[in-house]
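Worksheet: the structure to be examined is printed underneath.
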Amino acid sequence: MLPKRWIRVVCVSSVMLVGTAFLGGCTNSKMVTERNQLIMQNKQLQQQLAESKANLAATRAQLAQQQQIAAAASAQAAAQSTPAAAPPAASPGYSTILPPMHSGSMNSGHSMGAGHRRHRMRQELHRFVLSSDLLFAPGSARLSPRATHMLMHVAYELRHRYAGRHVVVEGYTDNTPIHHPYRNNYYLGLARARSVQSFLARHGVSRRRMRAISFGDEHMVSRKDLALDRRVEVVVLR
């Protein structure tokens with residue numbers, strides 16, 4: 001048998017171990033509870049944040065809609081109080097030629113054969129004559145930046161004053177021989193007419209009612225000033 005003194009030591013040790021285990025269990029349980037509470041609070045905060053973001057997005061959408069309504073109302077009021085926009089101002093470098101042509105000459109001083117002129121008068125309603133020297137670089141069919149203003153004016157007139165009319169874009173050149181990059185003057189005139197046609201189509205004129213043709217150097221209007229021969233004419237048909 002163990003002495004009484006050892007028995008007391010064993011008993012005290014046992015009591016201490018049981019107490020330590022009990023306290024440890026209480027501490028772990030408390031930590032788990034606190035952790036669960038923190039997780040719950042975090043979820044609640046995340047939910048509140050999501051709701052706040054949704055409310056903010058809805059408020060912004062409503063504000064944007066109100067701004068659009070206000071802008072539309074302002075634009076409508078401005079349109080009612082402002083006269084219709086005028087067409088682009090006529091630019092020097094081209095002339096508008098209206099039939100009938102008097103005494104075999106056109107307003108710009110150009111002249112053509114009588115048969116050719118009578119044929120034109122029967123079919124055309126309006127004619128725009130554009131200087132190729134202002135539209136293109138020499139020997140090129142690529143529109144220059146300064147061509148924009150002239151062609152914008154023509155596009156405006158075709159869309160508004162002559163809406164629905166068929167249009168022929170005619171290319172003319174002088175008789176200076178050309179070999180590159182176009183085979184001859186006929187193809188240069190055709191390429192220039194097509195460039196003008198494409199510009200007008202990009203600015204609202206229906207491509208279906210336009211066609212591009214070339215006369216090359218067949219209808220020269222001056223033997224002294226070849227610049228008058230280098231032109232593109234936009235003809236509105238009746």
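The chains in the structure tokens are called A, B, ... from first to last as shown; in each chain the residues are counted from 1, and the ligands are counted from 1 in the order shown.
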Excluding stretch 171-187 of chain A and any residue of its chain fewer than 3 positions from it, enumerate the residues within 6 Å of it, using only C-alpha atoms, and give them as a PDB file with C-alpha atoms, in the first residue's frame.
ATOM      1  CA  LEU A 190     -13.819  57.576-114.074  1.00  0.00           C
ATOM      2  CA  ALA A 193     -16.069  60.493-110.583  1.00  0.00           C
ATOM      3  CA  SER A 214     -16.281  59.354-117.490  1.00  0.00           C
ATOM      4  CA  PHE A 215     -15.938  61.469-120.612  1.00  0.00           C
ATOM      5  CA  GLY A 216     -12.173  61.745-120.278  1.00  0.00           C
ATOM      6  CA  ASP A 217     -10.974  64.464-122.660  1.00  0.00           C
ATOM      7  CA  LEU A 226      -6.711  73.314-119.497  1.00  0.00           C
ATOM      8  CA  ASP A 229     -11.251  70.938-118.649  1.00  0.00           C
ATOM      9  CA  ARG A 230     -10.200  69.195-115.426  1.00  0.00           C
ATOM     10  CA  ARG A 231     -13.508  68.976-113.602  1.00  0.00           C
ATOM     11  CA  VAL A 232     -16.163  66.737-112.089  1.00  0.00           C
TER      12      VAL A 232
END
What's the 6 Å shell around A:Glu124, counting only C-alpha atoms, without same-chain residues fewer than 5 positions away, as a PyMOL selection string?
-> chain A and resi 236-238
Would you mind reading off the distance between atom CA of A:Arg142 and atom CA of A:Ser195, one decimal, in Å?
->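 Computing it gives 6.9 Å between the two atoms.
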Near A:Leu151, counting only C-alpha atoms, which residues have an atom at most 10 Å away, once you skip same-chain residues fewer than 6 positions from it, shown as JSON, numbers by chain?
-> {"A": [88, 91, 128, 130, 135, 157, 196, 197, 199, 200, 203]}
Interatomic distance, atom CA of A:Arg127 to atom CA of A:Gly139 (Å, one decimal) |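 Atom CA of A:Arg127 sits 24.2 Å away from atom CA of A:Gly139.
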Just how far from atom CA of A:Ala201 is atom CA of A:Val235, in Å to one decimal?
->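 Going from atom CA of A:Val235 over to atom CA of A:Ala201, I get 14.9 Å.
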